[in-house]
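Enquirer: As input, take data35.txt (compact mmCIF, C-alpha atoms (C1' of nucleotides)):
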```
# COMPACT_ATOMS: atom_id res chain seq x y z
CA MET R 1 -34.29 19.18 -1.59
CA THR R 2 -32.82 21.18 -4.41
CA THR R 3 -30.18 18.60 -5.12
CA MET R 4 -29.43 17.29 -8.57
CA LEU R 5 -29.63 13.56 -7.89
CA ALA R 6 -26.69 12.68 -10.08
CA HIS R 7 -26.45 9.08 -11.19
CA PRO R 8 -23.43 7.43 -12.81
CA THR R 9 -24.02 6.17 -16.31
CA ARG R 10 -23.66 2.45 -16.81
CA ASP R 11 -20.09 2.71 -18.02
CA GLU R 12 -19.14 4.88 -15.09
CA ILE R 13 -20.09 2.23 -12.56
CA ARG R 14 -17.05 0.69 -10.86
CA ILE R 15 -17.01 -2.73 -9.24
CA ALA R 16 -15.03 -1.43 -6.26
CA SER R 17 -17.64 1.25 -5.57
CA VAL R 18 -20.49 -1.22 -5.91
CA LEU R 19 -18.88 -3.68 -3.53
CA HIS R 20 -18.17 -0.93 -1.06
CA ALA R 21 -21.76 0.25 -1.28
CA LEU R 22 -23.05 -3.26 -0.63
CA ALA R 23 -20.65 -3.89 2.25
CA ASP R 24 -22.80 -2.32 4.93
CA PRO R 25 -25.62 -4.05 6.84
CA VAL R 26 -28.08 -1.18 6.49
CA ARG R 27 -27.44 -0.75 2.77
CA LEU R 28 -27.67 -4.49 2.22
CA GLU R 29 -31.05 -4.44 3.90
CA ILE R 30 -32.15 -1.62 1.61
CA VAL R 31 -31.00 -3.55 -1.46
CA ARG R 32 -32.82 -6.66 -0.30
CA ALA R 33 -36.00 -4.65 0.15
CA LEU R 34 -35.64 -3.02 -3.26
CA ALA R 35 -35.15 -6.43 -4.85
CA VAL R 36 -38.62 -7.36 -3.68
CA HIS R 37 -40.23 -4.14 -4.87
CA GLU R 38 -39.39 -3.94 -8.54
CA GLU R 39 -41.30 -0.70 -8.95
CA GLY R 40 -39.29 1.07 -6.28
CA ILE R 41 -40.16 2.32 -2.82
CA SER R 42 -39.50 5.15 -0.43
CA CYS R 43 -36.68 3.91 1.80
CA GLY R 44 -38.01 6.02 4.65
CA LEU R 45 -40.73 3.43 5.12
CA LEU R 46 -38.31 0.59 5.83
CA PRO R 47 -37.75 -0.47 9.46
CA LEU R 48 -34.01 0.07 9.44
CA GLY R 49 -33.39 1.46 12.89
CA VAL R 50 -31.42 4.49 11.77
CA THR R 51 -32.28 8.17 11.74
CA ALA R 52 -33.47 9.99 8.65
CA SER R 53 -30.16 11.72 8.12
CA THR R 54 -28.27 8.44 8.30
CA LEU R 55 -30.69 6.95 5.81
CA THR R 56 -30.07 9.84 3.45
CA HIS R 57 -26.36 9.11 3.65
CA HIS R 58 -26.86 5.43 2.81
CA VAL R 59 -29.19 6.03 -0.08
CA ARG R 60 -26.77 8.57 -1.51
CA THR R 61 -23.93 6.07 -1.22
CA LEU R 62 -25.97 3.49 -3.11
CA ARG R 63 -27.01 6.02 -5.73
CA GLU R 64 -23.52 7.37 -6.33
CA ALA R 65 -22.17 3.84 -6.68
CA GLY R 66 -24.80 3.10 -9.32
CA VAL R 67 -26.67 0.51 -7.29
CA VAL R 68 -29.97 2.34 -7.07
CA ARG R 69 -31.84 4.92 -9.07
CA VAL R 70 -33.71 7.62 -7.15
CA ARG R 71 -36.54 9.74 -8.46
CA PRO R 72 -38.41 12.46 -6.59
CA GLN R 73 -42.14 12.02 -6.19
CA GLY R 74 -43.90 14.64 -4.16
CA THR R 75 -42.03 15.05 -0.90
CA SER R 76 -40.66 11.53 -1.20
CA ARG R 77 -37.82 9.85 -3.05
CA ILE R 78 -38.54 6.59 -4.77
CA SER R 79 -35.56 4.27 -4.93
CA SER R 80 -35.25 1.29 -7.23
CA LEU R 81 -32.53 -1.24 -7.96
CA ARG R 82 -30.53 -0.70 -11.16
CA ARG R 83 -30.80 -4.38 -11.85
CA ASP R 84 -30.41 -4.13 -15.60
CA ASP R 85 -27.17 -2.18 -15.37
CA LEU R 86 -25.71 -4.31 -12.61
CA ASP R 87 -26.63 -7.56 -14.35
CA ALA R 88 -25.06 -6.32 -17.57
CA LEU R 89 -21.83 -5.24 -15.93
CA PHE R 90 -21.44 -7.92 -13.28
CA PRO R 91 -23.66 -10.85 -14.25
CA GLY R 92 -24.52 -12.94 -11.21
CA LEU R 93 -23.26 -10.53 -8.60
CA LEU R 94 -26.64 -9.23 -7.50
CA ASP R 95 -28.27 -12.64 -7.58
CA GLY R 96 -25.39 -14.02 -5.55
CA VAL R 97 -25.76 -11.33 -2.93
CA LEU R 98 -29.51 -11.76 -2.76
CA ALA R 99 -29.17 -15.53 -2.49
CA ALA R 100 -27.24 -15.15 0.75
CA ARG R 101 -29.16 -16.61 3.65
CA ARG R 102 -27.12 -14.57 6.08
CA MET P 1 4.70 -17.62 12.34
CA THR P 2 3.16 -19.74 15.01
CA THR P 3 -0.29 -18.49 14.20
CA MET P 4 -3.25 -20.78 13.91
CA LEU P 5 -4.53 -19.71 10.51
CA ALA P 6 -8.16 -19.98 11.52
CA HIS P 7 -10.64 -20.26 8.68
CA PRO P 8 -14.40 -19.90 9.01
CA THR P 9 -16.35 -23.02 8.10
CA ARG P 10 -18.67 -22.68 5.15
CA ASP P 11 -21.70 -21.99 7.32
CA GLU P 12 -19.83 -19.35 9.26
CA ILE P 13 -19.19 -17.25 6.19
CA ARG P 14 -21.26 -14.06 6.15
CA ILE P 15 -22.17 -12.12 3.05
CA ALA P 16 -21.44 -8.80 4.75
CA SER P 17 -17.91 -9.90 5.63
CA VAL P 18 -17.29 -11.23 2.14
CA LEU P 19 -18.46 -8.01 0.53
CA HIS P 20 -16.36 -5.97 2.90
CA ALA P 21 -13.34 -8.12 2.12
CA LEU P 22 -13.86 -7.66 -1.61
CA ALA P 23 -14.43 -3.92 -1.35
CA ASP P 24 -10.78 -2.93 -1.45
CA PRO P 25 -8.67 -2.43 -4.58
CA VAL P 26 -5.68 -4.38 -3.28
CA ARG P 27 -7.78 -7.29 -2.10
CA LEU P 28 -9.72 -7.32 -5.34
CA GLU P 29 -6.44 -7.58 -7.20
CA ILE P 30 -5.43 -10.51 -5.03
CA VAL P 31 -8.72 -12.27 -5.69
CA ARG P 32 -8.37 -11.72 -9.42
CA ALA P 33 -4.89 -13.21 -9.35
CA LEU P 34 -6.06 -16.19 -7.31
CA ALA P 35 -8.88 -16.79 -9.76
CA VAL P 36 -6.27 -17.37 -12.46
CA HIS P 37 -4.12 -19.67 -10.32
CA GLU P 38 -6.45 -22.41 -9.24
CA GLU P 39 -3.68 -24.22 -7.35
CA GLY P 40 -2.95 -21.21 -5.19
CA ILE P 41 0.02 -18.86 -5.00
CA SER P 42 2.12 -16.94 -2.56
CA CYS P 43 0.63 -13.44 -2.54
CA GLY P 44 4.02 -11.99 -1.78
CA LEU P 45 4.94 -12.53 -5.41
CA LEU P 46 2.17 -10.30 -6.73
CA PRO P 47 3.06 -6.76 -7.84
CA LEU P 48 0.65 -5.01 -5.52
CA GLY P 49 2.63 -1.96 -4.46
CA VAL P 50 2.13 -2.38 -0.75
CA THR P 51 4.53 -3.39 2.00
CA ALA P 52 4.71 -6.91 3.38
CA SER P 53 2.89 -5.98 6.57
CA THR P 54 0.06 -4.38 4.66
CA LEU P 55 -0.18 -7.49 2.53
CA THR P 56 -0.38 -9.64 5.63
CA HIS P 57 -3.29 -7.52 6.78
CA HIS P 58 -5.16 -7.94 3.48
CA VAL P 59 -4.64 -11.68 3.24
CA ARG P 60 -5.84 -12.07 6.80
CA THR P 61 -8.94 -10.02 6.02
CA LEU P 62 -9.69 -12.27 3.06
CA ARG P 63 -9.01 -15.42 5.07
CA GLU P 64 -11.15 -14.41 8.04
CA ALA P 65 -14.01 -13.49 5.73
CA GLY P 66 -13.82 -16.94 4.15
CA VAL P 67 -12.76 -15.74 0.72
CA VAL P 68 -9.38 -17.47 0.62
CA ARG P 69 -7.77 -20.50 2.18
CA VAL P 70 -4.16 -20.18 3.32
CA ARG P 71 -1.76 -23.02 3.90
CA PRO P 72 1.84 -22.76 5.08
CA GLN P 73 4.48 -24.19 2.81
CA GLY P 74 8.03 -23.72 3.94
CA THR P 75 8.51 -20.09 4.79
CA SER P 76 5.68 -19.13 2.45
CA ARG P 77 1.93 -19.04 2.64
CA ILE P 78 -0.01 -20.39 -0.28
CA SER P 79 -3.37 -18.69 -0.77
CA SER P 80 -6.19 -20.06 -2.88
CA LEU P 81 -9.73 -18.95 -3.60
CA ARG P 82 -12.51 -20.76 -1.72
CA ARG P 83 -14.47 -20.91 -4.92
CA ASP P 84 -16.50 -23.99 -4.00
CA ASP P 85 -17.72 -22.48 -0.75
CA LEU P 86 -18.45 -19.07 -2.23
CA ASP P 87 -20.26 -20.52 -5.23
CA ALA P 88 -22.34 -22.69 -2.95
CA LEU P 89 -23.31 -19.84 -0.64
CA PHE P 90 -23.58 -16.98 -3.10
CA PRO P 91 -23.93 -18.45 -6.58
CA GLY P 92 -22.85 -15.95 -9.19
CA LEU P 93 -21.24 -13.47 -6.86
CA LEU P 94 -17.64 -14.40 -7.57
CA ASP P 95 -18.21 -14.75 -11.31
CA GLY P 96 -19.91 -11.38 -11.35
CA VAL P 97 -17.02 -9.74 -9.56
CA LEU P 98 -14.47 -11.38 -11.82
CA ALA P 99 -16.44 -10.40 -14.92
CA ALA P 100 -16.01 -6.74 -14.06
CA ARG P 101 -13.87 -4.97 -16.63
CA ARG P 102 -13.19 -2.16 -14.18
C1' DA N 1 -50.47 31.36 4.51
C1' DT N 2 -49.86 27.78 7.79
C1' DC N 3 -48.88 23.26 9.08
C1' DG N 4 -47.07 18.65 8.76
C1' DT N 5 -44.29 15.37 6.34
C1' DA N 6 -40.22 13.76 3.92
C1' DC N 7 -36.01 14.43 3.07
C1' DT N 8 -31.28 17.01 2.90
C1' DA N 9 -27.18 19.68 4.59
C1' DC N 10 -23.92 20.60 7.92
C1' DG N 11 -21.19 19.64 11.83
C1' DA N 12 -19.54 16.74 15.34
C1' DC N 13 -18.04 12.48 17.13
C1' DA N 14 -16.33 7.83 17.64
C1' DT N 15 -14.89 3.95 15.18
C1' DT N 16 -12.90 1.49 11.60
C1' DC N 17 -9.35 0.84 8.52
C1' DA N 18 -5.40 1.03 5.10
C1' DT N 19 -0.91 2.06 5.54
C1' DC N 20 3.79 1.99 7.14
C1' DA N 21 8.11 1.09 9.97
C1' DA N 22 10.41 -1.60 13.27
C1' DA N 23 11.09 -5.67 15.58
C1' DG N 24 10.15 -10.45 15.89
C1' DT N 25 9.37 -15.50 14.41
C1' DA N 26 9.73 -19.59 11.39
C1' DC N 27 11.83 -22.17 7.95
C1' DG N 28 15.39 -23.71 4.48
C1' DA N 29 20.14 -23.63 2.86
C1' DC N 30 24.78 -23.56 3.78
C1' DG A 1 24.90 -22.75 14.12
C1' DT A 2 24.55 -18.68 10.79
C1' DC A 3 22.46 -16.38 7.28
C1' DG A 4 18.78 -15.00 4.29
C1' DT A 5 13.99 -15.13 3.04
C1' DA A 6 9.08 -14.85 3.96
C1' DC A 7 5.90 -13.62 6.71
C1' DT A 8 3.70 -11.72 11.26
C1' DT A 9 2.99 -8.63 15.13
C1' DT A 10 2.72 -4.39 17.28
C1' DG A 11 2.15 0.35 17.43
C1' DA A 12 1.36 4.70 15.21
C1' DT A 13 -0.99 7.65 12.06
C1' DG A 14 -4.03 9.78 8.96
C1' DA A 15 -8.13 9.13 6.23
C1' DA A 16 -12.63 7.39 5.60
C1' DT A 17 -17.01 6.33 7.48
C1' DG A 18 -21.38 5.33 10.13
C1' DT A 19 -23.95 7.67 13.33
C1' DC A 20 -26.52 11.37 15.31
C1' DG A 21 -28.71 16.06 16.25
C1' DT A 22 -30.00 20.42 14.58
C1' DA A 23 -31.39 23.33 11.21
C1' DG A 24 -33.06 23.94 6.76
C1' DT A 25 -35.69 23.10 2.21
C1' DA A 26 -39.44 21.25 -0.71
C1' DC A 27 -43.94 19.69 -1.36
C1' DG A 28 -48.94 18.66 -0.38
C1' DA A 29 -53.04 19.51 2.29
C1' DT A 30 -55.99 22.48 4.73
```
Render the structure in this file as structure tokens.

Expert:
Amino acid sequence: MTTMLAHPTRDEIRIASVLHALADPVRLEIVRALAVHEEGISCGLLPLGVTASTLTHHVRTLREAGVVRVRPQGTSRISSLRRDDLDALFPGLLDGVLAARR
Amino acid sequence: MTTMLAHPTRDEIRIASVLHALADPVRLEIVRALAVHEEGISCGLLPLGVTASTLTHHVRTLREAGVVRVRPQGTSRISSLRRDDLDALFPGLLDGVLAARR
DNA sequence: ATCGTACTACGACATTCATCAAAGTACGAC
DNA sequence: GTCGTACTTTGATGAATGTCGTAGTACGAT
């Protein structure tokens, strides 16, 4: 757990990376959950049906793309949506994705 | 060239498929070009730097995801953005993607 | 210090996928 | 019909990726 937790700055976020990060069912589910919990949550609590190591991979993908921000808290990692950055860069994108009924 | 050119109906379009279709640099470029040409264009004319068979693959991916509509015209295929359907299903998504500066 | 919990790192594996080349099909022009 | 153009199909290939298990690290509680 020694890792740095690097996050891209706002101007480093690329639309292609964001779209790729969102284009996975598990990650989409994570994003949907984070959209409901503004304050952020530990993704390990979500009923996603994948192992812990797979979840780590997905959260890292979202973090490195600039979709979520992750902060350590005790033995947990609290993830939250970078809504402000995403809305500023790609206005409407996140709302459009979240509006999807399926 | 006997192919059916099947398109998903609006209610068959899935957000995961759309995001996957958009999450490729070449396909993003196609979508950007189509956004400028409301009437539709032959994608073969775009300077995309890929072979014809690769282009066929990308246009099919976009078509099957419901992002573009393709109609035969002579020996060409005219592609156009399904903006109405996408805006209805995922309001803001397309505009957000197109607003991206990089 | 020991234990349990939460997460990460490293491999391994199977699948998906972007890409191309070669051969084939459809259409228009001549 | 013949030719050329535009696109598709098939097969191959290498890279990326989602998944897991195992082992390891960090932190809190006892």

Enquirer: Select, counting only C-alpha atoms (C1' of nucleotides), all protein, DNA and RNA residues no farther than 12 Å from (-6.8, -7.3, 4.9) in file coordinates, and express the selection as a ChimeraX atom specification.

Expert: /P:17-18,20-28,30-31,50,52-68 /N:17-19

Enquirer: Please give chain R as an mmCIF file with C-alpha atoms, in the coordinates of the input, after it has been superposed on chain P by least squares over all Cα atoms paired in order.

Expert:
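In the end it all went to out24.cif:
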```
data_model
loop_
_atom_site.group_PDB
_atom_site.id
_atom_site.type_symbol
_atom_site.label_atom_id
_atom_site.label_comp_id
_atom_site.auth_asym_id
_atom_site.auth_seq_id
_atom_site.Cartn_x
_atom_site.Cartn_y
_atom_site.Cartn_z
ATOM 1 C CA MET R 1 4.703 -17.500 12.205
ATOM 2 C CA THR R 2 3.223 -19.493 15.025
ATOM 3 C CA THR R 3 -0.281 -18.398 14.217
ATOM 4 C CA MET R 4 -3.185 -20.776 13.924
ATOM 5 C CA LEU R 5 -4.531 -19.720 10.534
ATOM 6 C CA ALA R 6 -8.156 -20.004 11.529
ATOM 7 C CA HIS R 7 -10.648 -20.282 8.708
ATOM 8 C CA PRO R 8 -14.423 -19.920 9.006
ATOM 9 C CA THR R 9 -16.372 -23.012 8.097
ATOM 10 C CA ARG R 10 -18.703 -22.690 5.151
ATOM 11 C CA ASP R 11 -21.728 -21.999 7.307
ATOM 12 C CA GLU R 12 -19.875 -19.357 9.251
ATOM 13 C CA ILE R 13 -19.230 -17.255 6.170
ATOM 14 C CA ARG R 14 -21.303 -14.061 6.132
ATOM 15 C CA ILE R 15 -22.197 -12.129 3.002
ATOM 16 C CA ALA R 16 -21.481 -8.801 4.705
ATOM 17 C CA SER R 17 -17.959 -9.913 5.617
ATOM 18 C CA VAL R 18 -17.307 -11.234 2.128
ATOM 19 C CA LEU R 19 -18.470 -8.024 0.501
ATOM 20 C CA HIS R 20 -16.392 -5.982 2.884
ATOM 21 C CA ALA R 21 -13.362 -8.128 2.144
ATOM 22 C CA LEU R 22 -13.838 -7.670 -1.594
ATOM 23 C CA ALA R 23 -14.417 -3.923 -1.326
ATOM 24 C CA ASP R 24 -10.772 -2.935 -1.402
ATOM 25 C CA PRO R 25 -8.652 -2.430 -4.540
ATOM 26 C CA VAL R 26 -5.665 -4.387 -3.252
ATOM 27 C CA ARG R 27 -7.773 -7.319 -2.072
ATOM 28 C CA LEU R 28 -9.718 -7.328 -5.321
ATOM 29 C CA GLU R 29 -6.441 -7.571 -7.179
ATOM 30 C CA ILE R 30 -5.420 -10.507 -5.002
ATOM 31 C CA VAL R 31 -8.723 -12.268 -5.679
ATOM 32 C CA ARG R 32 -8.369 -11.698 -9.404
ATOM 33 C CA ALA R 33 -4.890 -13.195 -9.318
ATOM 34 C CA LEU R 34 -6.054 -16.184 -7.288
ATOM 35 C CA ALA R 35 -8.872 -16.778 -9.759
ATOM 36 C CA VAL R 36 -6.267 -17.350 -12.435
ATOM 37 C CA HIS R 37 -4.135 -19.659 -10.313
ATOM 38 C CA GLU R 38 -6.473 -22.414 -9.237
ATOM 39 C CA GLU R 39 -3.727 -24.207 -7.351
ATOM 40 C CA GLY R 40 -2.957 -21.201 -5.190
ATOM 41 C CA ILE R 41 0.009 -18.864 -5.009
ATOM 42 C CA SER R 42 2.122 -16.928 -2.571
ATOM 43 C CA CYS R 43 0.618 -13.435 -2.531
ATOM 44 C CA GLY R 44 4.029 -11.979 -1.760
ATOM 45 C CA LEU R 45 4.935 -12.525 -5.394
ATOM 46 C CA LEU R 46 2.171 -10.284 -6.724
ATOM 47 C CA PRO R 47 3.069 -6.739 -7.838
ATOM 48 C CA LEU R 48 0.656 -4.989 -5.515
ATOM 49 C CA GLY R 49 2.622 -1.945 -4.473
ATOM 50 C CA VAL R 50 2.141 -2.394 -0.747
ATOM 51 C CA THR R 51 4.544 -3.411 1.987
ATOM 52 C CA ALA R 52 4.739 -6.922 3.368
ATOM 53 C CA SER R 53 2.960 -6.005 6.566
ATOM 54 C CA THR R 54 0.094 -4.412 4.666
ATOM 55 C CA LEU R 55 -0.157 -7.510 2.517
ATOM 56 C CA THR R 56 -0.364 -9.666 5.618
ATOM 57 C CA HIS R 57 -3.268 -7.548 6.806
ATOM 58 C CA HIS R 58 -5.137 -7.948 3.513
ATOM 59 C CA VAL R 59 -4.627 -11.665 3.255
ATOM 60 C CA ARG R 60 -5.824 -12.081 6.825
ATOM 61 C CA THR R 61 -8.931 -10.044 6.052
ATOM 62 C CA LEU R 62 -9.686 -12.273 3.077
ATOM 63 C CA ARG R 63 -9.016 -15.418 5.079
ATOM 64 C CA GLU R 64 -11.144 -14.412 8.049
ATOM 65 C CA ALA R 65 -14.013 -13.501 5.737
ATOM 66 C CA GLY R 66 -13.821 -16.947 4.148
ATOM 67 C CA VAL R 67 -12.741 -15.737 0.728
ATOM 68 C CA VAL R 68 -9.379 -17.463 0.631
ATOM 69 C CA ARG R 69 -7.781 -20.495 2.182
ATOM 70 C CA VAL R 70 -4.162 -20.192 3.315
ATOM 71 C CA ARG R 71 -1.759 -23.039 3.903
ATOM 72 C CA PRO R 72 1.845 -22.782 5.060
ATOM 73 C CA GLN R 73 4.490 -24.217 2.778
ATOM 74 C CA GLY R 74 8.047 -23.754 3.882
ATOM 75 C CA THR R 75 8.546 -20.103 4.729
ATOM 76 C CA SER R 76 5.692 -19.141 2.429
ATOM 77 C CA ARG R 77 1.916 -19.061 2.643
ATOM 78 C CA ILE R 78 -0.030 -20.387 -0.283
ATOM 79 C CA SER R 79 -3.373 -18.694 -0.772
ATOM 80 C CA SER R 80 -6.207 -20.050 -2.870
ATOM 81 C CA LEU R 81 -9.753 -18.940 -3.593
ATOM 82 C CA ARG R 82 -12.517 -20.771 -1.712
ATOM 83 C CA ARG R 83 -14.475 -20.929 -4.911
ATOM 84 C CA ASP R 84 -16.508 -23.982 -4.005
ATOM 85 C CA ASP R 85 -17.748 -22.483 -0.754
ATOM 86 C CA LEU R 86 -18.452 -19.072 -2.224
ATOM 87 C CA ASP R 87 -20.260 -20.516 -5.237
ATOM 88 C CA ALA R 88 -22.384 -22.685 -2.967
ATOM 89 C CA LEU R 89 -23.338 -19.850 -0.655
ATOM 90 C CA PHE R 90 -23.604 -16.979 -3.112
ATOM 91 C CA PRO R 91 -23.942 -18.456 -6.599
ATOM 92 C CA GLY R 92 -22.831 -15.960 -9.223
ATOM 93 C CA LEU R 93 -21.242 -13.474 -6.876
ATOM 94 C CA LEU R 94 -17.643 -14.405 -7.585
ATOM 95 C CA ASP R 95 -18.192 -14.755 -11.309
ATOM 96 C CA GLY R 96 -19.907 -11.382 -11.333
ATOM 97 C CA VAL R 97 -17.012 -9.738 -9.557
ATOM 98 C CA LEU R 98 -14.463 -11.381 -11.810
ATOM 99 C CA ALA R 99 -16.418 -10.402 -14.911
ATOM 100 C CA ALA R 100 -15.987 -6.735 -14.058
ATOM 101 C CA ARG R 101 -13.881 -4.979 -16.648
ATOM 102 C CA ARG R 102 -13.120 -2.205 -14.209
#
```

Enquirer: Based on only C-alpha atoms (C1' of nucleotides), which of the residues in chain A come within 10 Å of chain P? I want them as a tab-separated table (two decimals) with C-alpha atoms (C1' of nucleotides), in the frame of the given file.

Expert:
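File written: iface25.tsv
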```
chain	number	residue	atom	x	y	z
A	5	DT	C1'	13.99	-15.13	3.04
A	6	DA	C1'	9.08	-14.85	3.96
A	7	DC	C1'	5.90	-13.62	6.71
A	8	DT	C1'	3.70	-11.72	11.26
A	9	DT	C1'	2.99	-8.63	15.13
```

Enquirer: Rounded to one decimal in Å, what is the spacing between atom CA of Ala16 of chain P and atom CA of Arg102 of chain R?

Expert: 8.2 Å

Enquirer: For the atom pair atom CA of Leu89 of chain R and atom C1' of DA16 of chain A, what is the interatomic distance in Å to one decimal place?

Expert: 26.6 Å

Enquirer: Using all atoms listed in the file, select each residue of chain N with any atom at most 7 Å away from an atom of chain R, and give the selection as a compact mmCIF listing (two decimals) with C-alpha atoms (C1' of nucleotides), in the frame of the given file.

Expert:
```txt
# COMPACT_ATOMS: atom_id res chain seq x y z
C1' DA N 6 -40.22 13.76 3.92
C1' DC N 7 -36.01 14.43 3.07
C1' DT N 8 -31.28 17.01 2.90
```

Enquirer: So what do you get for atom C1' of DC3 of chain A versus atom C1' of DA23 of chain N, distance-wise?

Expert: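 About the pair atom C1' of DC3 of chain A and atom C1' of DA23 of chain N: they are 17.7 Å apart.
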
Enquirer: Ile41 of chain P: which residues within 12 Å, counting all atoms listed in the file, same-chain residues fewer than 3 positions away excluded, as a PDB file with C-alpha atoms, keeping the file's coordinate frame?

Expert:
```pdb
ATOM      1  CA  ILE P  30      -5.430 -10.510  -5.030  1.00  0.00           C
ATOM      2  CA  VAL P  31      -8.720 -12.270  -5.690  1.00  0.00           C
ATOM      3  CA  ARG P  32      -8.370 -11.720  -9.420  1.00  0.00           C
ATOM      4  CA  ALA P  33      -4.890 -13.210  -9.350  1.00  0.00           C
ATOM      5  CA  LEU P  34      -6.060 -16.190  -7.310  1.00  0.00           C
ATOM      6  CA  ALA P  35      -8.880 -16.790  -9.760  1.00  0.00           C
ATOM      7  CA  VAL P  36      -6.270 -17.370 -12.460  1.00  0.00           C
ATOM      8  CA  HIS P  37      -4.120 -19.670 -10.320  1.00  0.00           C
ATOM      9  CA  GLU P  38      -6.450 -22.410  -9.240  1.00  0.00           C
ATOM     10  CA  GLY P  44       4.020 -11.990  -1.780  1.00  0.00           C
ATOM     11  CA  LEU P  45       4.940 -12.530  -5.410  1.00  0.00           C
ATOM     12  CA  LEU P  46       2.170 -10.300  -6.730  1.00  0.00           C
ATOM     13  CA  VAL P  59      -4.640 -11.680   3.240  1.00  0.00           C
ATOM     14  CA  VAL P  68      -9.380 -17.470   0.620  1.00  0.00           C
ATOM     15  CA  ARG P  69      -7.770 -20.500   2.180  1.00  0.00           C
ATOM     16  CA  VAL P  70      -4.160 -20.180   3.320  1.00  0.00           C
ATOM     17  CA  ARG P  71      -1.760 -23.020   3.900  1.00  0.00           C
ATOM     18  CA  PRO P  72       1.840 -22.760   5.080  1.00  0.00           C
ATOM     19  CA  GLN P  73       4.480 -24.190   2.810  1.00  0.00           C
ATOM     20  CA  SER P  76       5.680 -19.130   2.450  1.00  0.00           C
ATOM     21  CA  ARG P  77       1.930 -19.040   2.640  1.00  0.00           C
ATOM     22  CA  ILE P  78      -0.010 -20.390  -0.280  1.00  0.00           C
ATOM     23  CA  SER P  79      -3.370 -18.690  -0.770  1.00  0.00           C
ATOM     24  CA  SER P  80      -6.190 -20.060  -2.880  1.00  0.00           C
ATOM     25  CA  LEU P  81      -9.730 -18.950  -3.600  1.00  0.00           C
TER      26      LEU P  81
END
```

Enquirer: Name all residues at most 7 Å from Gly96 of chain P (count all atoms listed in the file; drop same-chain ones fewer than 5 positions away) and give them as a PDB file with C-alpha atoms, in the coordinates of the input.

Expert:
```
ATOM      1  CA  PHE R  90     -21.440  -7.920 -13.280  1.00  0.00           C
ATOM      2  CA  PRO R  91     -23.660 -10.850 -14.250  1.00  0.00           C
ATOM      3  CA  GLY R  92     -24.520 -12.940 -11.210  1.00  0.00           C
ATOM      4  CA  LEU R  93     -23.260 -10.530  -8.600  1.00  0.00           C
TER       5      LEU R  93
END
```

Enquirer: Name the residues in contact with segment 17-24 of chain A at a cut-off of 8 Å, using only C-alpha atoms (C1' of nucleotides), excluding same-chain residues fewer than 4 positions from it; report them as a list in words.

Expert: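 The neighbour list is Thr51 and Thr54 of chain R; DA9 and DT16 of chain N.
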
Enquirer: Write the residues of the preceding selection, restricted to C-alpha atoms (C1' of nucleotides), as a tab-separated table (two decimals), in the coordinates of the input.

Expert:
```tsv
chain	number	residue	atom	x	y	z
R	51	THR	CA	-32.28	8.17	11.74
R	54	THR	CA	-28.27	8.44	8.30
N	9	DA	C1'	-27.18	19.68	4.59
N	16	DT	C1'	-12.90	1.49	11.60
```

Enquirer: Would you mind telling me which residue in P:Ala6, P:Glu39, P:Leu48, P:Ile15 lies nearest to chain R when using all atoms listed in the file?

Expert: P:Ile15

Enquirer: For a cutoff of 7 Å around the file-coordinate point (-26.4, 1.3, -14.3), which residues qualify once you count only C-alpha atoms (C1' of nucleotides)? I'd like the result as a list in words.

Expert: Pro8, Thr9, Arg10, Ile13, Gly66, Arg82, Asp84, Asp85 and Leu86 of chain R

Enquirer: Measuring atom to atom with only C-alpha atoms, identify which of R:Glu29, R:Asp11, R:Ala99, R:Leu5 is nearest to chain P.

Expert: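 Looking only at the distances to chain P, the closest residue turns out to be R:Ala99.
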
Enquirer: Using only C-alpha atoms (C1' of nucleotides), which residues sit within 10 Å of DA29 of chain A once same-chain residues fewer than 2 positions away are excluded, as a PyMOL selection string?

Expert: (chain N and resi 3-4) or (chain A and resi 27)

Enquirer: For a quick check of understanding, using only C-alpha atoms, which of P:Leu19, P:Cys43, P:Gly49, P:His7 has the smallest distance to chain R?

Expert: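 Ranked by minimum distance to chain R, first place goes to P:Leu19.
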
Enquirer: Tell me which protein, DNA and RNA residues are within 12 Å of DG11 of chain A, counting only C-alpha atoms (C1' of nucleotides), leaving out same-chain ones fewer than 5 positions away, and put them as a compact mmCIF listing (two decimals) with C-alpha atoms (C1' of nucleotides), in the frame of the given file.

Expert:
```txt
# COMPACT_ATOMS: atom_id res chain seq x y z
C1' DC N 20 3.79 1.99 7.14
C1' DA N 21 8.11 1.09 9.97
C1' DA N 22 10.41 -1.60 13.27
C1' DA N 23 11.09 -5.67 15.58
```

Enquirer: Pick from R:Pro47, R:Arg83, R:Glu12, R:Met4: nearest to chain P, with all atoms listed in the file counted?

Expert: R:Glu12

Enquirer: Kindly compute an axis-aligned box around the listed atoms of segment 41-57 of chain P, allowing 5 Å on each side, and express its centre and edge lengths in Å to one decimal as JSON.

Expert:
```
{"center_x": 0.8, "center_y": -10.4, "center_z": -0.5, "size_x": 18.2, "size_y": 26.9, "size_z": 24.6}
```
